[in-house]
Amino acid sequence: MERIYITSPLYYVNAEPHLGSAYTMVITDTLARYYRAHGWETFYLTGTDEHGDKIAQAAAEARMDPKAFTDQVSTTFRAAWDTCGFTYDHFIRTTDAYHIRYVQELLTKVHTTGDIYFDRYSGLYCFGCERFYTPKELRDGKCPDHLTEPKLIEEENYFFRMSKYQDRLLRHLEEHPDFIRPENFRNEVLAMLREPIGDLCISRPKSRLTWGIEIPFDQRYVTYVWFDALINYVSALKYKGEEAFQKFWSEAEHFIGKDILKPHGVFWPTMLMAAGLPLYKHLNVHGFWTVEGQKMSKSLGNVISPLAMKEKVGLDAFRYFLLRESVFGQDADFREESLTTRYNADLANNLGNLISRVLAMEEKYFDGVVQPLGQMWAKEDQELRDRFRQSEEELSGHMAQLQFHRALEAVWAAIDQANRYIVQTSPFVLIKDPAKRGRVGEILHHLLEALRMLSHMLAPFLPETSKEIKDLLNLSEGASDHQSPWGSFFMPDHKIKPPKALFPRIELPAELDDPQS
Ligand code: ME8
């Protein structure tokens, strides 16, 4: 049986869920649903990243004890993801006892083999990133992410002999061209590996930070947050049992945003090498979302909340927009106006109208009872079926390449064909001639097949809509009905439900309304 292990990043509990975190969840949830539906054994992991300076500071600002604070925010995340219906199999917190134990086990192992050593170090430290910077990495002397000047810190710490694994990682990337994808991010990591990567400072003295996993061989220190958080991808599987680890680890597909490429592309694989563990299968890197052309930030007040979007347009419309509007790996811009335009054109007009028209005609002409298909199919009937078959094939190719927007384009090509088929065959005209009633029944049968296939193809992307279509067609939820060949599924006495408007149009001010849609 084929398997896939899908991971999202662990979200820092210093902010509420937003567009960026929701996007990674939508992608990973879509993939998990897709592979599950195709019979793959799937494990989908998400969770929260709860240690380190950033979190300690956020807890202090909230005047809370860090553990109580992280309990609260982690619960908020989990509740938000549950409200969004994301189908993760396990939610890990880096404060979970089993994770802490596993991190300490791994630290001890790497220390014993000599790949962790103690040293005095002075360097430029960015508190925002929680890491040391080399002067070369800075922009005008400032951290490129936080635009603040790092502080010169001199202290004794533990170091991970990362440089020892540099050549091996470089070779791995050269031998596995799709290890990091898309290619531009692979090239970024290759460029990092063609310069000396140095060793990684993996401890923080308790004199300046206590909120972390204690270094098991020196109680004066806690673990650097990345040497803790990254390990979640393995500790969660180990928690599920050795069998889960054996089954899934080699199938790991990590999904991250581009700002955390270095920890995942350089720290993590070298850590795995030092721990004697196999490497993950792929690192899949997505771009950043801006909002109306601007960076999303609390101070600008433009943070998009997935829960607010659920209230406003519904989760499926939000998912559709994120997946259809962006190209995986590239940056994208969130605009309410584009969302409304796509909603009205693609969801309300093309998809919503198709569903309600077909169901309304079936209801009106045949009381909702599906009519039999004849032996001979018209050219248009065959074209409709062929277009759906082709779309399904295209969809699976695009999913393998993480081209979600293309996959949706393929589904919409089928929807367009179904709408065209209604115009070509004009059942609403034919029905006026009693001699053509049989043909009208056949046309509607083909269209109901189209809706059945749509409910299947749309399921990973628009799960609620897919469920609604199934329900309207009066199909049981778990039925693997999509495997039945076109035309052989509906029994002649099958009765569908009355029509329903799935995506009511969003009314726009007159000047914004698109005359085409
Ligand atoms: O980095 N557009 O957590 P995080 C797209 N705890 N993605 C965005 C985004 C935006 N505007 N803003 C943030 C962390 N993200 C670490 C991860 S993994 C072991 C530890 C993405 O909460 C960002 O790229 O700051 C990252 O993938 C995710 O949200 C979590 O960011």
# chains A, B, ... in the order shown; residues from 1 in each chain; ligands from 1
>>> residues_near_ligand(ligand="ligand 1", cutoff="6 Å", atoms="only C-alpha atoms and all ligand atoms", output="ChimeraX atom specification")
/A:9-12,20-21,49,229-230,256-260,287-290,296
>>> residues_around(residues="segment 458-475 of chain A", least_positions_apart="5", cutoff="7 Å", atoms="only C-alpha atoms", output="CSV table (one decimal) with N, CA, C and O atoms, in the first residue's frame")
chain,number,residue,atom,x,y,z
A,30,THR,N,-5.6,19.5,2.1
A,30,THR,CA,-6.1,19.1,0.8
A,30,THR,C,-5.3,17.9,0.3
A,30,THR,O,-6.0,16.9,-0.2
A,31,LEU,N,-4.0,17.9,0.5
A,31,LEU,CA,-3.3,16.7,0.1
A,31,LEU,C,-3.6,15.5,1.0
A,31,LEU,O,-3.8,14.4,0.4
A,33,ARG,N,-6.5,14.8,2.4
A,33,ARG,CA,-7.8,14.3,1.9
A,33,ARG,C,-7.6,13.6,0.5
A,33,ARG,O,-8.3,12.6,0.3
A,34,TYR,N,-6.8,14.2,-0.3
A,34,TYR,CA,-6.6,13.6,-1.7
A,34,TYR,C,-6.0,12.2,-1.6
A,34,TYR,O,-6.5,11.3,-2.2
A,316,ASP,N,-15.1,26.7,2.3
A,316,ASP,CA,-14.8,26.2,1.0
A,316,ASP,C,-14.4,27.3,0.1
A,316,ASP,O,-13.4,27.2,-0.7
A,319,ARG,N,-10.9,28.3,1.0
A,319,ARG,CA,-9.9,27.3,0.6
A,319,ARG,C,-9.7,27.5,-0.9
A,319,ARG,O,-8.6,27.4,-1.5
A,320,TYR,N,-10.9,27.6,-1.7
A,320,TYR,CA,-10.8,27.7,-3.1
A,320,TYR,C,-9.9,28.9,-3.5
A,320,TYR,O,-9.0,28.8,-4.4
A,452,ARG,N,-21.9,13.8,-9.9
A,452,ARG,CA,-21.3,12.7,-9.0
A,452,ARG,C,-19.8,12.8,-9.1
A,452,ARG,O,-19.1,12.7,-8.1
A,496,ILE,N,-33.2,11.8,-6.5
A,496,ILE,CA,-32.3,12.8,-5.9
A,496,ILE,C,-33.2,13.8,-5.1
A,496,ILE,O,-34.4,13.7,-5.1
A,497,LYS,N,-32.5,14.7,-4.4
A,497,LYS,CA,-33.2,15.7,-3.6
A,497,LYS,C,-33.5,17.0,-4.3
A,497,LYS,O,-32.8,17.2,-5.4
>>> closest_residue(among="A:Asp71, A:Glu337, A:Asp82, A:Glu363", to="Lys500 of chain A", atoms="only C-alpha atoms")
A:Glu363
>>> closest_residue(among="A:Ser356, A:Ser8, A:Thr223, A:Thr340", to="Ile100 of chain A", atoms="only C-alpha atoms")
A:Thr223
>>> closest_residue(among="A:Ile116, A:Ile92, A:Val285, A:Leu300", to="Asn232 of chain A", atoms="only C-alpha atoms")
A:Ile92
>>> atom_distance(atom1="atom CA of Gly438 of chain A", atom2="atom CA of Phe388 of chain A")
23.5 Å
>>> closest_residue(among="A:Ala58, A:Cys201, A:Val358, A:Ile180", to="Pro498 of chain A", atoms="only C-alpha atoms")
A:Val358
>>> residues_around(residues="segment 342-348 of chain A", least_positions_apart="3", cutoff="9 Å", atoms="only C-alpha atoms", output="list of chain:residue names")
A:Val313, A:Ala317, A:Tyr320, A:Phe321, A:Arg324, A:Glu325, A:Glu337, A:Ser338, A:Leu339, A:Leu351, A:Gly352, A:Asn353, A:Trp412, A:Ala501, A:Leu502, A:Phe503, A:Pro504, A:Arg505, A:Ile506, A:Glu507, A:Asp514, A:Gln516, A:Ser517
>>> closest_residue(among="A:Tyr165, A:Phe245, A:Tyr224, A:Tyr125", to="Lys142 of chain A", atoms="only C-alpha atoms")
A:Tyr125
